[in-house]
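Asker: My questions will all concern the structure given below.
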Amino acid sequence: MVEAHSAIAGVVRVRREALGLSRAELARRAGVSEAVIQKVEQGTRQPTPTALAALFEALDVPMQYRDHAANVLQPELTDIPYDGEIPDQDELDFLNSLPYPACYQTVPGLDLIAANDAYLQTFPGLTPGVNIIAWMLLDPIARHVMGDWERETHLMVWAFRHMAPGITTPEHIERITGLCRDAPDWQRLWSTDIPPAEIGLRPTRVRSPETGEFTHMQIQLFGCELPRRPWWMYALVPAQAIPA
């Protein structure tokens, strides 16, 4: 859990610096003392939920990360570690009933747990047991099938960097970073921030295995609540309206 609080401290520092704010200015905007901000950024003080909420609001931290921080601060209530469990047959039948690409994946580690036929055909080589981040960075087919490869890969790396500590074991984090660190784009994507406005799910271009043409697809990501599962469902559906 120390790693998780250190990651939260890092997000506060990175967002403050990206916005060009001094600690004094952030203290004024958030109504939190400068001394508290310094200790939070240094990882020497665990922020209260109230103080962290004020800092996140002042820094325009994405809602996805705010949800993650809440889980980190209350792990005994929300944590469901992935220990190799696989979906039962009903869950696999549901996945295979979907006409468009869909899979079960861990978040934020992005290990592929199961996928339907449409997903396997759309993303060749991305099969259960493969890490999606590593596939995006290391398999040349990823750039061929993903028209917005840069944006999608950066989002995956950003989420893994900031959200994996405290959720994913240190050994698993090291395994994934070990797989990826020799990729030419790894260090650049790992070390750069993403503006909050760019983090929301938006239509992405995916090459159709039938026509070979790019199709705009809307990304849908669903947590499994009943029953609770340590994976999420990722699905792509044709986008009906594409923003200019």
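Ordering of the structure tokens sets the chain letters (A, B, ...), residue numbers begin anew at 1 in every chain, and ligands are numbered from 1 in the order given.
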Would you kindly return, as a list in words, each protein, DNA or RNA residue with an atom no farther than 7 Å from any atom of A:Met156, considering only C-alpha atoms and excluding same-chain residues fewer than 4 positions away?
Answerer: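 Counting only the stated atoms, we get Ile133, Glu152 and Phe160 of chain A.
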Asker: Would you mind listing what lies within 10 Å of stretch 197-204 of chain A as JSON, numbers by chain, with only C-alpha atoms counted and same-chain residues fewer than 6 positions away left out?
Answerer: {"A": [60, 61, 62, 63, 64, 146, 147, 148, 149, 151, 152, 154, 155, 158, 159, 214, 215, 216, 217, 218, 219, 220, 221, 236, 237, 238, 239, 240, 241, 242, 243]}
Asker: Counting only C-alpha atoms, which residue out of A:Ile86, A:Gly125, A:Ala9, A:Arg188 sits closest to A:Pro165?
Answerer: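 Comparing A:Ile86, A:Gly125, A:Ala9, A:Arg188 against A:Pro165, the winner is A:Ala9.
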Asker: In terms of the shortest atom-to-atom distance over only C-alpha atoms, which of A:Leu92, A:Leu189, A:Ala58, A:Met163 is closest to A:Gly109?
Answerer: A:Met163
Asker: Given only C-alpha atoms as the basis, pick out the residue of A:Glu34, A:Glu213, A:Asp193, A:Asp185 nearest to A:Gly10.
Answerer: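 Between A:Glu34, A:Glu213, A:Asp193, A:Asp185, the residue approaching A:Gly10 most closely is A:Asp193.
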Asker: I'd like the neighbourhood of stretch 20-32 of chain A as a PyMOL selection string, where a residue qualifies if any of its atoms comes within 12 Å (using only C-alpha atoms), though same-chain residues fewer than 5 positions away should be ignored.
Answerer: chain A and resi 12-15+37-41+47-48+50-60
Asker: Please report, as a PyMOL selection string, each residue of stretch 16-241 of chain A to which DSSP assigns helix (DSSP H, G or I) when run on this structure's backbone.
Answerer: chain A and resi 16-18+23-30+34-42+49-59+63-73+75-78+89-97+117-122+132-138+140-145+149-163+170-180+186-191+196-198
Asker: In stretch 1-240 of chain A, what's strand (DSSP E or B) per DSSP? Answer as a ChimeraX atom specification?
Answerer: /A:102-105,111-115,131,146,165,168,204-207,214-225,228-238
Asker: Output the selection as a CSV table (one decimal), in the first residue's frame - C-alpha atoms for each residue.
Answerer:
chain,number,residue,atom,x,y,z
A,102,ALA,CA,-15.4,-7.8,-26.6
A,103,CYS,CA,-13.1,-9.2,-24.0
A,104,TYR,CA,-12.5,-9.6,-20.2
A,105,GLN,CA,-9.4,-7.8,-19.0
A,111,ASP,CA,-3.9,-8.9,-18.9
A,112,LEU,CA,-6.4,-10.5,-21.4
A,113,ILE,CA,-8.6,-13.0,-19.6
A,114,ALA,CA,-11.0,-14.1,-22.3
A,115,ALA,CA,-12.2,-12.8,-25.7
A,131,ASN,CA,-0.7,-8.5,-21.8
A,146,MET,CA,-5.4,0.6,-34.5
A,165,PRO,CA,0.6,0.6,-7.6
A,168,THR,CA,-1.2,-4.8,-9.1
A,204,THR,CA,-11.4,5.1,-32.1
A,205,ARG,CA,-10.5,3.8,-35.6
A,206,VAL,CA,-10.2,0.0,-35.9
A,207,ARG,CA,-9.4,-1.9,-39.1
A,214,PHE,CA,-10.9,1.6,-40.8
A,215,THR,CA,-14.2,1.7,-38.9
A,216,HIS,CA,-15.0,4.2,-36.1
A,217,MET,CA,-15.8,2.2,-33.0
A,218,GLN,CA,-17.0,3.5,-29.6
A,219,ILE,CA,-15.2,2.0,-26.6
A,220,GLN,CA,-17.3,0.7,-23.8
A,221,LEU,CA,-15.7,-0.4,-20.5
A,222,PHE,CA,-17.8,-2.1,-17.8
A,223,GLY,CA,-16.9,-3.2,-14.3
A,224,CYS,CA,-18.4,-6.6,-13.1
A,225,GLU,CA,-20.6,-5.8,-10.1
A,228,ARG,CA,-18.0,-8.9,-8.4
A,229,ARG,CA,-15.1,-10.0,-10.6
A,230,PRO,CA,-11.4,-8.9,-10.7
A,231,TRP,CA,-11.8,-8.1,-14.4
A,232,TRP,CA,-13.7,-5.6,-16.6
A,233,MET,CA,-15.5,-6.1,-19.9
A,234,TYR,CA,-14.1,-4.1,-22.8
A,235,ALA,CA,-16.3,-3.9,-25.9
A,236,LEU,CA,-16.2,-2.1,-29.2
A,237,VAL,CA,-19.5,-1.0,-31.0
A,238,PRO,CA,-19.9,1.0,-34.2
Asker: To one decimal place, how far is atom CA of A:Gln46 from atom CA of A:Glu171 in Å?
Answerer: 24.0 Å
Asker: I'd like the interatomic distance between atom CA of A:Asn96 and atom CA of A:Glu210, to a tenth of an Å.
Answerer: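 Atom-to-atom, atom CA of A:Asn96 to atom CA of A:Glu210, that is 18.4 Å.
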Asker: For A:Asp139, find every residue with an atom within 12 Å (counting only C-alpha atoms), except residues of its own chain fewer than 3 positions away, and show them as an mmCIF file with N, CA and C atoms, in the first residue's frame.
Answerer:
data_model
loop_
_atom_site.group_PDB
_atom_site.id
_atom_site.type_symbol
_atom_site.label_atom_id
_atom_site.label_comp_id
_atom_site.auth_asym_id
_atom_site.auth_seq_id
_atom_site.Cartn_x
_atom_site.Cartn_y
_atom_site.Cartn_z
ATOM 1 N N PHE A 123 -7.989 -8.373 -33.549
ATOM 2 C CA PHE A 123 -6.663 -8.135 -32.972
ATOM 3 C C PHE A 123 -5.829 -9.416 -33.024
ATOM 4 N N PRO A 124 -5.288 -9.767 -34.186
ATOM 5 C CA PRO A 124 -4.508 -11.010 -34.329
ATOM 6 C C PRO A 124 -3.326 -11.060 -33.367
ATOM 7 N N GLY A 125 -3.178 -12.198 -32.719
ATOM 8 C CA GLY A 125 -2.085 -12.369 -31.771
ATOM 9 C C GLY A 125 -2.415 -11.949 -30.364
ATOM 10 N N LEU A 126 -3.521 -11.265 -30.185
ATOM 11 C CA LEU A 126 -3.926 -10.829 -28.845
ATOM 12 C C LEU A 126 -4.890 -11.870 -28.298
ATOM 13 N N VAL A 130 -2.139 -12.985 -22.887
ATOM 14 C CA VAL A 130 -1.234 -11.958 -23.394
ATOM 15 C C VAL A 130 -1.524 -10.637 -22.683
ATOM 16 N N ASN A 131 -0.491 -9.861 -22.420
ATOM 17 C CA ASN A 131 -0.686 -8.535 -21.842
ATOM 18 C C ASN A 131 -0.955 -7.541 -22.962
ATOM 19 N N ILE A 132 -2.042 -6.787 -22.848
ATOM 20 C CA ILE A 132 -2.470 -5.901 -23.925
ATOM 21 C C ILE A 132 -1.499 -4.743 -24.121
ATOM 22 N N ILE A 133 -0.948 -4.202 -23.040
ATOM 23 C CA ILE A 133 0.012 -3.100 -23.165
ATOM 24 C C ILE A 133 1.235 -3.571 -23.946
ATOM 25 N N ALA A 134 1.756 -4.746 -23.594
ATOM 26 C CA ALA A 134 2.927 -5.274 -24.287
ATOM 27 C C ALA A 134 2.617 -5.532 -25.754
ATOM 28 N N TRP A 135 1.425 -6.056 -26.035
ATOM 29 C CA TRP A 135 1.043 -6.299 -27.434
ATOM 30 C C TRP A 135 0.993 -4.996 -28.209
ATOM 31 N N MET A 136 0.403 -3.956 -27.629
ATOM 32 C CA MET A 136 0.307 -2.669 -28.308
ATOM 33 C C MET A 136 1.686 -2.104 -28.634
ATOM 34 N N ALA A 142 -0.339 -4.239 -34.157
ATOM 35 C CA ALA A 142 -1.143 -3.290 -33.372
ATOM 36 C C ALA A 142 -1.279 -1.963 -34.106
ATOM 37 N N ARG A 143 -0.186 -1.468 -34.666
ATOM 38 C CA ARG A 143 -0.244 -0.187 -35.389
ATOM 39 C C ARG A 143 -1.050 -0.321 -36.682
ATOM 40 N N HIS A 144 -1.091 -1.518 -37.226
ATOM 41 C CA HIS A 144 -1.844 -1.743 -38.464
ATOM 42 C C HIS A 144 -3.344 -1.724 -38.213
ATOM 43 N N VAL A 145 -3.778 -2.329 -37.102
ATOM 44 C CA VAL A 145 -5.213 -2.459 -36.866
ATOM 45 C C VAL A 145 -5.792 -1.293 -36.064
ATOM 46 N N MET A 146 -4.931 -0.552 -35.341
ATOM 47 C CA MET A 146 -5.409 0.568 -34.527
ATOM 48 C C MET A 146 -5.077 1.879 -35.224
ATOM 49 N N TRP A 149 -3.440 4.479 -32.759
ATOM 50 C CA TRP A 149 -2.512 3.716 -31.921
ATOM 51 C C TRP A 149 -1.857 4.587 -30.869
ATOM 52 N N LEU A 179 8.659 -6.402 -19.884
ATOM 53 C CA LEU A 179 8.279 -6.742 -21.247
ATOM 54 C C LEU A 179 8.340 -5.527 -22.165
ATOM 55 N N CYS A 180 7.978 -4.354 -21.628
ATOM 56 C CA CYS A 180 7.766 -3.168 -22.461
ATOM 57 C C CYS A 180 8.954 -2.235 -22.572
ATOM 58 N N ALA A 183 10.727 -1.402 -25.828
ATOM 59 C CA ALA A 183 9.967 -0.859 -26.956
ATOM 60 C C ALA A 183 10.399 0.583 -27.203
ATOM 61 N N PRO A 184 10.564 0.986 -28.470
ATOM 62 C CA PRO A 184 11.054 2.335 -28.767
ATOM 63 C C PRO A 184 10.219 3.457 -28.157
#
Asker: For a test of reading the model, state the distance in Å between atom CA of A:Glu91 and atom CA of A:Pro128, rounded to one decimal.
Answerer: 14.7 Å
